[in-house]
file query_2.txt (compact mmCIF, C-alpha atoms)
# COMPACT_ATOMS: atom_id res chain seq x y z
CA MET E 1 133.03 92.81 35.63
CA SER E 2 130.58 90.03 36.49
CA ILE E 3 127.90 90.30 39.16
CA SER E 4 129.87 87.89 41.34
CA ASP E 5 132.95 90.12 41.11
CA ASN E 6 130.79 93.14 41.88
CA VAL E 7 129.26 91.51 44.91
CA LEU E 8 132.62 90.43 46.29
CA LYS E 9 133.91 93.97 45.80
CA THR E 10 130.84 95.38 47.58
CA ILE E 11 131.32 92.93 50.45
CA GLU E 12 134.91 94.02 50.85
CA GLU E 13 134.30 97.75 50.44
CA LYS E 14 131.34 97.87 52.80
CA ASN E 15 132.97 95.36 55.11
CA ILE E 16 129.86 93.17 55.08
CA THR E 17 130.16 90.13 57.32
CA PRO E 18 127.85 87.14 57.87
CA VAL E 19 125.44 87.66 60.75
CA ALA E 20 126.70 85.74 63.79
CA ARG E 21 125.34 82.23 64.17
CA TRP E 22 124.23 82.83 67.76
CA LYS E 23 121.71 85.44 66.57
CA PHE E 24 119.98 82.83 64.43
CA VAL E 25 120.17 80.30 67.25
CA ILE E 26 118.53 82.79 69.64
CA ARG E 27 115.84 83.65 67.08
CA ASN E 28 115.08 79.95 66.74
CA ILE E 29 114.99 79.45 70.51
CA VAL E 30 112.66 82.46 70.91
CA LEU E 31 110.33 81.11 68.23
CA TRP E 32 110.12 77.65 69.78
CA THR E 33 109.67 79.16 73.24
CA LEU E 34 106.73 81.15 71.88
CA VAL E 35 105.35 77.95 70.37
CA VAL E 36 105.51 76.22 73.75
CA ILE E 37 103.99 79.21 75.60
CA SER E 38 101.21 79.59 73.06
CA MET E 39 100.45 75.87 73.20
CA LEU E 40 100.44 75.88 77.02
CA ILE E 41 98.05 78.85 77.15
CA GLY E 42 95.82 77.11 74.58
CA ALA E 43 95.85 73.94 76.68
CA LEU E 44 94.95 75.95 79.82
CA ALA E 45 92.01 77.44 77.92
CA VAL E 46 90.94 73.90 76.99
CA SER E 47 91.22 72.79 80.62
CA THR E 48 89.07 75.72 81.79
CA LEU E 49 86.54 74.96 79.07
CA LEU E 50 86.41 71.33 80.23
CA HIS E 51 86.02 72.39 83.87
CA ILE E 52 83.08 74.69 83.11
CA VAL E 53 81.39 72.24 80.77
CA HIS E 54 81.83 69.37 83.22
CA ASN E 55 80.54 71.31 86.23
CA ASN E 56 77.67 73.08 84.60
CA ASP E 57 74.19 71.82 85.47
CA TRP E 58 72.96 70.98 81.99
CA ASP E 59 69.71 69.45 83.31
CA ILE E 60 68.14 72.61 84.76
CA TYR E 61 67.00 74.10 81.45
CA GLU E 62 63.39 73.11 82.14
CA TYR E 63 63.28 75.24 85.30
CA LEU E 64 64.32 78.20 83.21
CA GLY E 65 61.61 77.57 80.64
CA LYS E 66 64.12 76.86 77.88
CA THR E 67 64.80 74.01 75.51
CA LEU E 68 68.05 72.10 76.05
CA TRP E 69 69.47 73.59 72.83
CA ALA E 70 68.55 77.14 73.85
CA TYR E 71 70.08 76.62 77.28
CA VAL E 72 73.29 75.08 75.93
CA THR E 73 73.78 77.86 73.38
CA THR E 74 73.19 80.47 76.08
CA VAL E 75 75.52 79.22 78.79
CA PHE E 76 78.24 77.59 76.67
CA PRO E 77 81.65 79.09 77.63
CA TYR E 78 82.36 80.65 74.24
CA LEU E 79 85.11 82.80 75.76
CA TRP E 80 87.22 79.72 76.43
CA LEU E 81 86.42 78.12 73.11
CA PHE E 82 87.55 81.33 71.42
CA ALA E 83 90.71 81.52 73.57
CA ALA E 84 91.59 77.89 72.78
CA ALA E 85 91.04 78.48 69.04
CA LEU E 86 93.04 81.71 69.15
CA PHE E 87 96.10 80.11 70.71
CA LEU E 88 95.76 77.07 68.49
CA GLY E 89 95.94 79.40 65.49
CA LEU E 90 98.79 81.36 67.03
CA THR E 91 100.78 78.17 67.66
CA TYR E 92 100.22 77.16 64.05
CA ALA E 93 101.33 80.58 62.78
CA ILE E 94 104.51 80.63 64.90
CA VAL E 95 105.53 77.09 63.93
CA ARG E 96 105.15 78.14 60.30
CA GLN E 97 107.79 80.82 60.98
CA THR E 98 110.37 78.31 62.18
CA LYS E 99 113.02 76.97 59.84
CA THR E 100 111.22 73.83 58.82
CA GLY E 101 107.65 74.75 59.77
CA TYR E 102 106.55 75.06 56.15
CA ARG E 103 107.18 71.38 55.49
CA TYR E 104 104.20 70.09 57.44
CA ALA E 105 100.95 69.57 55.53
CA THR E 106 98.47 72.13 56.82
CA LEU E 107 95.59 69.82 57.77
CA VAL E 108 97.74 67.12 59.38
CA PHE E 109 99.78 69.72 61.20
CA PHE E 110 96.67 71.53 62.45
CA ALA E 111 95.15 68.23 63.59
CA ILE E 112 98.34 67.38 65.51
CA ILE E 113 98.38 70.76 67.30
CA LEU E 114 94.68 70.36 68.10
CA LEU E 115 95.23 66.84 69.45
CA VAL E 116 98.21 67.88 71.59
CA SER E 117 96.26 70.88 72.95
CA VAL E 118 93.27 68.71 73.87
CA ILE E 119 95.42 66.01 75.51
CA LEU E 120 97.47 68.60 77.39
CA GLY E 121 94.29 70.50 78.31
CA THR E 122 92.72 67.32 79.66
CA VAL E 123 95.80 66.59 81.77
CA PHE E 124 95.73 70.16 83.11
CA TYR E 125 92.01 69.78 83.84
CA MET E 126 92.64 66.57 85.76
CA PHE E 127 95.22 68.39 87.87
CA GLY E 128 92.72 71.17 88.61
CA ALA E 129 94.26 73.92 86.47
CA GLY E 130 90.95 74.82 84.80
CA LYS E 131 89.21 75.07 88.17
CA ARG E 132 91.91 77.37 89.54
CA ILE E 133 91.82 79.67 86.52
CA ASP E 134 88.01 79.88 86.58
CA GLU E 135 88.00 80.56 90.32
CA ALA E 136 90.71 83.20 90.10
CA LEU E 137 88.91 85.05 87.32
CA LEU E 138 85.57 84.86 89.15
CA ARG E 139 87.21 86.36 92.23
CA TYR E 140 89.35 89.05 90.68
CA ILE E 141 87.74 90.02 87.36
CA PRO E 142 84.24 91.45 87.94
CA ALA E 143 83.40 91.43 84.22
CA TYR E 144 84.04 87.69 84.10
CA THR E 145 81.30 87.12 86.71
CA ASN E 146 78.73 88.64 84.35
CA LEU E 147 79.40 86.21 81.50
CA PRO E 148 76.47 83.94 80.62
CA HIS E 149 78.36 80.78 81.56
CA ASN E 150 78.56 81.96 85.16
CA GLU E 151 76.01 79.98 87.15
CA LEU E 152 75.35 82.60 89.81
CA ALA E 153 72.51 84.38 88.00
CA VAL E 154 70.89 81.09 87.03
CA TRP E 155 70.95 79.77 90.59
CA ASN E 156 69.62 82.99 92.03
CA SER E 157 66.12 82.51 90.60
CA PRO E 158 63.96 81.32 93.51
CA GLY E 159 60.80 82.16 91.57
CA LEU E 160 61.88 79.58 88.97
CA GLY E 161 62.69 77.03 91.66
CA LEU E 162 66.49 77.57 91.70
CA LEU E 163 68.31 78.90 94.74
CA SER E 164 71.87 78.82 96.03
CA GLY E 165 73.79 79.96 99.10
CA THR E 166 75.62 78.97 102.27
CA ILE E 167 74.07 76.86 105.04
CA THR E 168 74.22 78.99 108.22
CA GLU E 169 72.27 76.83 110.65
CA ILE E 170 70.91 73.27 110.84
CA VAL E 171 67.54 73.51 112.58
CA ASN E 172 66.54 69.84 112.48
CA ASP E 173 66.59 66.87 110.08
CA ASP E 174 64.18 68.58 107.69
CA ILE E 175 64.96 72.27 108.03
CA PHE E 176 68.08 74.42 107.71
CA ILE E 177 68.78 78.13 107.29
CA LEU E 178 70.49 79.34 104.14
CA GLU E 179 72.00 82.69 103.31
CA ASP E 180 71.84 83.17 99.55
CA PHE E 181 74.70 84.80 97.69
CA SER E 182 72.79 88.11 97.74
CA HIS E 183 72.80 87.85 101.55
CA ASN E 184 69.08 87.14 101.98
CA GLU E 185 68.17 84.61 104.63
CA TRP E 186 65.93 81.65 103.74
CA VAL E 187 64.29 78.88 105.71
CA ILE E 188 64.81 75.73 103.68
CA ILE E 189 62.32 72.93 104.17
CA GLU E 190 63.49 69.64 102.75
CA ASP E 191 60.68 67.81 100.98
CA ASP E 192 62.28 64.38 101.02
CA ALA E 193 65.20 66.14 99.37
CA ASP E 194 67.67 64.24 97.23
CA TRP E 195 71.25 65.16 98.17
CA ARG E 196 73.26 64.65 95.01
CA LYS E 197 76.97 64.74 94.12
CA ASN E 198 77.94 64.28 97.79
CA GLY E 199 76.37 67.56 98.88
CA LEU E 200 77.35 68.31 102.49
CA ARG E 201 74.53 69.07 104.98
CA ALA E 202 76.62 71.16 107.36
CA VAL E 203 77.08 74.76 108.44
CA GLY E 204 79.32 76.60 106.00
CA SER E 205 78.52 74.27 103.12
CA GLU E 206 77.69 76.02 99.83
CA VAL E 207 74.77 74.41 98.03
CA LYS E 208 72.41 74.70 95.08
CA LEU E 209 68.73 73.93 95.61
CA ILE E 210 66.05 72.86 93.19
CA GLY E 211 62.52 73.14 94.51
CA ALA E 212 59.69 75.58 94.92
CA TYR E 213 59.37 79.14 96.10
CA GLU E 214 56.99 79.26 99.06
CA ASN E 215 57.30 82.90 100.13
CA GLU E 216 59.95 85.58 100.56
CA GLN E 217 61.61 83.63 103.36
CA VAL E 218 60.75 80.01 102.74
CA PHE E 219 61.92 77.67 99.99
CA ILE E 220 60.94 74.00 99.60
CA ALA E 221 63.98 71.96 98.50
CA ARG E 222 63.53 68.74 96.53
CA GLU E 223 67.08 68.35 95.29
CA ILE E 224 70.31 69.68 96.77
CA ARG E 225 73.74 69.77 95.07
CA PRO E 226 77.07 71.13 96.24
CA TRP E 227 78.19 74.48 94.81
CA GLU E 228 81.40 73.40 93.08
CA ARG E 229 82.54 76.46 91.23
CA ALA E 230 83.84 79.69 92.70
CA ARG E 231 81.71 82.81 92.72
CA MET B 1 144.66 88.59 49.26
CA SER B 2 143.22 89.59 45.89
CA ALA B 3 139.91 88.27 44.68
CA PRO B 4 140.05 85.25 42.38
CA ARG B 5 138.99 85.94 38.79
CA MET B 6 136.36 84.04 36.88
CA ASN B 7 138.73 83.05 34.12
CA GLU B 8 141.35 81.64 36.48
CA HIS B 9 141.47 77.90 37.06
CA ASN B 10 138.85 77.07 39.66
CA PRO B 11 140.48 74.99 42.42
CA TYR B 12 137.10 74.45 44.09
CA SER B 13 135.22 72.96 41.18
CA GLU B 14 135.14 69.57 42.91
CA LYS B 15 133.76 70.98 46.14
CA THR B 16 130.08 70.71 46.95
CA ASP B 17 128.04 73.86 47.57
CA GLU B 18 127.85 72.99 51.23
CA GLU B 19 131.64 72.61 51.46
CA LEU B 20 132.05 75.97 49.75
CA VAL B 21 129.69 77.56 52.28
CA ALA B 22 131.94 76.32 55.09
CA LEU B 23 135.02 77.59 53.24
CA THR B 24 133.35 80.96 52.60
CA ILE B 25 132.68 81.45 56.30
CA GLN B 26 136.43 81.00 56.86
CA ASN B 27 137.46 83.15 53.89
CA LYS B 28 135.08 85.45 52.01
CA GLN B 29 137.12 85.19 48.79
CA ARG B 30 135.78 81.67 48.37
CA TYR B 31 132.30 83.09 48.00
CA LEU B 32 133.17 84.05 44.45
CA TYR B 33 133.24 80.40 43.39
CA LEU B 34 129.86 79.81 44.94
CA MET B 35 128.36 82.86 43.23
CA GLN B 36 129.81 81.89 39.88
CA ARG B 37 127.94 78.60 40.06
CA TYR B 38 124.62 80.33 40.40
CA GLU B 39 124.99 83.68 38.66
CA GLN B 40 123.55 82.81 35.24
CA ARG B 41 121.01 80.31 36.58
CA LEU B 42 119.58 82.84 39.02
CA ILE B 43 119.47 85.64 36.47
CA ARG B 44 117.46 83.39 34.13
CA TYR B 45 115.23 82.25 36.98
CA VAL B 46 114.46 85.80 38.13
CA GLN B 47 113.80 86.94 34.55
CA ARG B 48 111.41 84.07 34.06
CA ILE B 49 109.41 84.46 37.22
CA ILE B 50 108.96 88.22 37.25
CA LEU B 51 109.32 88.84 33.51
CA CYS B 52 111.84 91.64 33.86
CA SER B 53 114.82 92.89 31.87
CA ARG B 54 118.23 91.29 32.27
CA GLU B 55 119.50 94.42 34.01
CA ASP B 56 116.71 94.29 36.59
CA ALA B 57 117.32 90.57 37.08
CA GLU B 58 121.02 91.24 37.62
CA ASP B 59 120.16 93.79 40.31
CA VAL B 60 117.93 91.23 42.02
CA VAL B 61 120.64 88.56 41.86
CA GLN B 62 123.21 91.00 43.24
CA GLU B 63 120.93 91.64 46.23
CA THR B 64 120.37 87.89 46.50
CA PHE B 65 124.10 87.21 46.72
CA ILE B 66 124.62 89.88 49.37
CA LYS B 67 121.69 88.64 51.45
CA THR B 68 122.87 85.05 51.08
CA TYR B 69 126.34 86.04 52.28
CA GLU B 70 124.93 87.90 55.27
CA HIS B 71 122.84 84.86 56.24
CA LEU B 72 125.41 82.14 55.56
CA ASN B 73 125.43 81.20 59.23
CA ASN B 74 121.72 80.52 59.02
CA PHE B 75 122.12 77.97 56.24
CA ASP B 76 120.33 74.81 57.27
CA ALA B 77 122.36 71.78 56.26
CA SER B 78 119.17 69.73 55.94
CA LEU B 79 118.42 71.81 52.84
CA LYS B 80 120.24 71.79 49.54
CA PHE B 81 122.19 75.02 49.17
CA SER B 82 120.65 75.48 45.72
CA SER B 83 117.14 75.38 47.25
CA TRP B 84 118.17 77.93 49.85
CA ILE B 85 119.69 80.40 47.39
CA TYR B 86 116.73 79.97 45.02
CA ARG B 87 114.44 80.77 47.95
CA ILE B 88 116.35 83.96 48.70
CA ALA B 89 116.28 84.86 45.00
CA HIS B 90 112.52 84.19 44.95
CA ASN B 91 112.00 86.52 47.94
CA GLU B 92 114.20 89.23 46.44
CA ALA B 93 112.44 88.93 43.10
CA ILE B 94 109.02 89.29 44.71
CA ASN B 95 110.26 92.34 46.64
CA ALA B 96 111.68 93.83 43.46
CA LEU B 97 108.49 93.17 41.54
CA ARG B 98 106.86 96.27 42.96
CA LYS B 99 109.70 98.51 41.84
CA ILE B 100 110.51 97.33 38.35
CA SER B 101 108.53 97.31 35.13
CA ARG B 102 107.86 94.16 33.18
CA LEU B 103 109.24 93.68 29.72
CA PRO B 104 107.23 92.83 26.65
CA LEU B 105 107.74 89.17 25.89
CA THR B 106 110.31 87.99 23.41
CA PRO B 107 110.51 84.49 22.03
CA ARG B 108 113.23 82.16 23.30
CA THR B 109 112.88 79.27 20.99
CA GLU B 110 115.41 76.83 22.40
CA GLU B 111 114.29 77.36 25.95
CA GLU B 112 110.61 76.99 25.15
CA HIS B 113 111.17 73.80 23.18
CA PHE B 114 112.93 72.41 26.18
CA PHE B 115 110.04 73.48 28.36
CA LEU B 116 107.50 71.95 25.99
CA GLU B 117 109.26 68.62 25.93
CA ASN B 118 109.58 68.59 29.66
CA ILE B 119 106.01 69.47 30.45
CA ALA B 120 104.55 67.20 27.77
CA ASP B 121 106.54 64.21 28.97
CA SER B 122 105.40 64.60 32.49
CA SER B 123 101.75 65.32 32.44
CA ASP B 124 98.28 64.65 31.26
CA LEU B 125 98.27 67.79 29.18
CA GLU B 126 97.13 67.39 25.68
CA GLU B 127 100.52 66.54 24.41
CA GLU B 128 99.90 66.86 20.74
CA MET B 129 98.39 70.28 21.07
CA LEU B 130 101.24 71.48 23.21
CA ARG B 131 103.88 70.13 20.92
CA LYS B 132 102.34 71.98 18.02
CA MET B 133 102.15 75.27 19.82
CA GLU B 134 104.75 77.78 18.93
CA SER B 135 107.24 78.64 21.62
CA GLU B 136 106.19 82.26 21.58
CA SER B 137 102.64 81.25 22.44
CA VAL B 138 103.83 79.21 25.39
CA ARG B 139 105.89 82.08 26.65
CA ALA B 140 102.98 84.47 26.23
CA ALA B 141 100.61 82.00 27.89
CA LEU B 142 103.03 81.57 30.77
CA SER B 143 103.19 85.31 31.25
CA ASN B 144 99.41 85.49 31.42
CA ILE B 145 98.89 83.02 34.23
CA SER B 146 99.37 84.21 37.80
CA GLU B 147 102.85 84.34 39.27
CA LYS B 148 102.32 81.52 41.75
CA TYR B 149 101.39 79.15 38.92
CA ARG B 150 104.04 80.46 36.53
CA GLU B 151 106.76 80.03 39.14
CA VAL B 152 105.99 76.39 39.98
CA LEU B 153 105.94 75.50 36.29
CA ILE B 154 109.26 77.25 35.77
CA LEU B 155 110.81 75.54 38.77
CA LYS B 156 109.51 72.14 37.75
CA PHE B 157 110.00 72.17 34.01
CA LEU B 158 112.68 74.77 33.29
CA GLU B 159 114.79 74.60 36.44
CA GLU B 160 114.02 70.87 36.73
CA LYS B 161 113.60 70.96 40.49
CA SER B 162 112.08 68.08 42.43
CA TYR B 163 108.88 68.53 44.47
CA GLU B 164 110.98 68.56 47.67
CA GLU B 165 113.25 71.26 46.29
CA ILE B 166 110.30 73.37 45.16
CA SER B 167 108.79 72.89 48.62
CA ASP B 168 112.01 74.24 50.17
CA ILE B 169 112.25 77.14 47.71
CA LEU B 170 108.65 78.31 48.04
CA LYS B 171 108.33 77.29 51.72
CA LYS B 172 105.19 75.27 51.08
CA PRO B 173 104.40 71.65 52.00
CA VAL B 174 105.23 69.10 49.29
CA GLY B 175 101.54 68.23 48.91
CA THR B 176 100.69 71.87 48.28
CA VAL B 177 103.43 72.04 45.65
CA GLY B 178 101.89 69.06 43.87
CA THR B 179 98.48 70.71 43.94
CA LEU B 180 99.92 73.99 42.69
CA ILE B 181 101.67 72.28 39.80
CA ASN B 182 98.51 70.46 38.76
CA ARG B 183 96.47 73.65 38.91
CA ALA B 184 99.19 75.52 37.05
CA LYS B 185 99.10 72.95 34.26
CA VAL B 186 95.34 73.39 33.99
CA LYS B 187 95.71 77.18 33.90
CA LEU B 188 98.41 76.96 31.26
CA ARG B 189 96.34 74.57 29.17
CA GLU B 190 93.33 76.89 29.37
CA GLU B 191 95.48 79.84 28.38
CA LEU B 192 96.93 77.92 25.46
CA GLN B 193 93.48 76.81 24.34
CA ASN B 194 92.20 80.39 24.48
CA ARG B 195 95.12 81.44 22.33
CA THR B 196 94.47 78.65 19.84
CA HIS B 197 90.79 79.65 19.62
CA SER B 198 91.71 83.31 19.14
CA TYR B 199 94.13 82.33 16.40
CA VAL B 200 91.53 80.17 14.61
CA ASP B 201 88.86 82.87 14.94
CA LYS B 202 91.17 85.44 13.43
CA ARG B 203 91.83 83.21 10.46

call {"tool": "encode", "arguments": {"input": "query_2.txt", "output": "structure tokens"}}
result
Amino acid sequence: MSISDNVLKTIEEKNITPVARWKFVIRNIVLWTLVVISMLIGALAVSTLLHIVHNNDWDIYEYLGKTLWAYVTTVFPYLWLFAAALFLGLTYAIVRQTKTGYRYATLVFFAIILLVSVILGTVFYMFGAGKRIDEALLRYIPAYTNLPHNELAVWNSPGLGLLSGTITEIVNDDIFILEDFSHNEWVIIEDDADWRKNGLRAVGSEVKLIGAYENEQVFIAREIRPWERAR
Amino acid sequence: MSAPRMNEHNPYSEKTDEELVALTIQNKQRYLYLMQRYEQRLIRYVQRIILCSREDAEDVVQETFIKTYEHLNNFDASLKFSSWIYRIAHNEAINALRKISRLPLTPRTEEEHFFLENIADSSDLEEEMLRKMESESVRAALSNISEKYREVLILKFLEEKSYEEISDILKKPVGTVGTLINRAKVKLREELQNRTHSYVDKR
């Protein structure tokens, strides 16, 4: 008896039947859904990365006594770079599991996924997705607030000439009262201060100040910027 | 309905593999004709890639046929059926590799000559040297290079598969298949040269 005869006999005796087509269809749908989800999450990570990089104050390294390189390597949002890379790799791995995923040349395929993630991430960033994710995590995940890319610690260094908080009272054209984010009250004296990035001189406005520490209650402001990220 | 026998007239000899797949889904008896087409080819292929006995190869092919039948509804018409069933045989062979013992190599003169002609025609290998090598040496050299290299050489030069078919069988991009084949040729050439040197040294 040949192998073919044997196999046919086994199929009949054990009543083996082909697995239903719909099961393969569902498996394929699940795989491609995972590809889309993984790619979307990767793109959201890219958009958050772009939001943080774009809104970080890269020019304040001198106040902190650091070189630009040292500052960039300290505050760079590695978490989001890692998340983007992770989901990029995951997308690649899942596509490889699909029926025809093996046909794509690795480098070209990887480059395409990277390009799509960056384009999609940029679109999400433009629609404010990165900002919303960053804000939500800052509000609800305490550990996230302690990451180096969070600006709060940097802008709470009055001794180094960096202060931030909410304007609570406008005294006159040169002086306003500020409550910093640690709830200390400061008298801010504007020394011909430069209001940048459309900073709003009004009660309730959250601002970042660059200037000089005068004493425990007084800070001389030379440059004022709006506080754009959540805390 | 009784199963058709191998020695009966085959009414499906004109049908393509893909047509037989469709017919098998309607009637499992038709699967016999499909299996008969591949039985000997797959046994040889499995023996070559994992260097096992004929009995072990038959077991692997039996499993291959059952798995193929179970997954008939997953057959992708954009593939050649032969590529698909070779892929399943490849997977089953690799799975079986852990369980079965390898055989000592025996010469297969006709087969190796065919292989030698094929590989020498196609490549930048040192043709003269290869042509002069005895078939047993080639077989031994093939068995000494790693499985991934041995398999691409077997698929290309013994099974005479195209790059696209090898890509579908091994589930690797066509470019990677090309690279693998080139590296495999280099490995085989090195192995053959080592054997030649050993032979000369002994003399």

call {"tool": "closest_atom_pairs", "arguments": {"input": "query_2.txt", "of": "chain E", "to": "chain B", "cutoff": "6 Å", "atoms": "all atoms listed in the file", "output": "CSV"}}
result
residue,atom,partner,partner_atom,distance
E:Ser4,CA,B:Met35,CA,5.6
E:Pro18,CA,B:Glu70,CA,4.0
E:Val19,CA,B:Glu70,CA,5.5
E:Arg21,CA,B:Asn73,CA,5.0
E:Tyr102,CA,B:Lys172,CA,5.3
E:Arg103,CA,B:Pro173,CA,4.5
E:Tyr104,CA,B:Pro173,CA,5.7
E:Ala105,CA,B:Pro173,CA,5.4

call {"tool": "closest_residue", "arguments": {"input": "query_2.txt", "among": "B:Val152, B:Ala140, B:Ala77, B:Leu97", "to": "Arg183 in chain B", "atoms": "all atoms listed in the file"}}
result
B:Val152

call {"tool": "residues_around", "arguments": {"input": "query_2.txt", "residues": "Ala111 in chain E", "least_positions_apart": "5", "cutoff": "12 Å", "atoms": "only C-alpha atoms", "output": "list in words"}}
result
Leu88, Gly89, Tyr92, Tyr104, Ala105, Thr106, Val116, Ser117 and Val118 of chain E

call {"tool": "closest_residue", "arguments": {"input": "query_2.txt", "among": "B:Leu192, B:Cys52, B:Ile169, B:Leu42", "to": "Asn144 in chain B", "atoms": "all atoms listed in the file"}}
result
B:Leu192

call {"tool": "atom_distance", "arguments": {"input": "query_2.txt", "atom1": "CA of Arg139 in chain B", "atom2": "CA of Val60 in chain B"}}
result
21.6 Å

call {"tool": "atom_distance", "arguments": {"input": "query_2.txt", "atom1": "CA of Trp80 in chain E", "atom2": "CA of Pro148 in chain E"}}
result
12.3 Å

call {"tool": "atom_distance", "arguments": {"input": "query_2.txt", "atom1": "CA of Ile154 in chain B", "atom2": "CA of Lys99 in chain B"}}
result
22.1 Å

call {"tool": "residues_near_point", "arguments": {"input": "query_2.txt", "point": "(64.3, 66.0, 106.1)", "cutoff": "12 Å", "atoms": "all atoms listed in the file", "output": "PyMOL selection string"}}
result
chain E and resi 170-176+188-195+201+220-224

call {"tool": "closest_residue", "arguments": {"input": "query_2.txt", "among": "B:Leu158, B:Leu51, B:Val21, B:Val46", "to": "Lys80 in chain B", "atoms": "only C-alpha atoms"}}
result
B:Val21
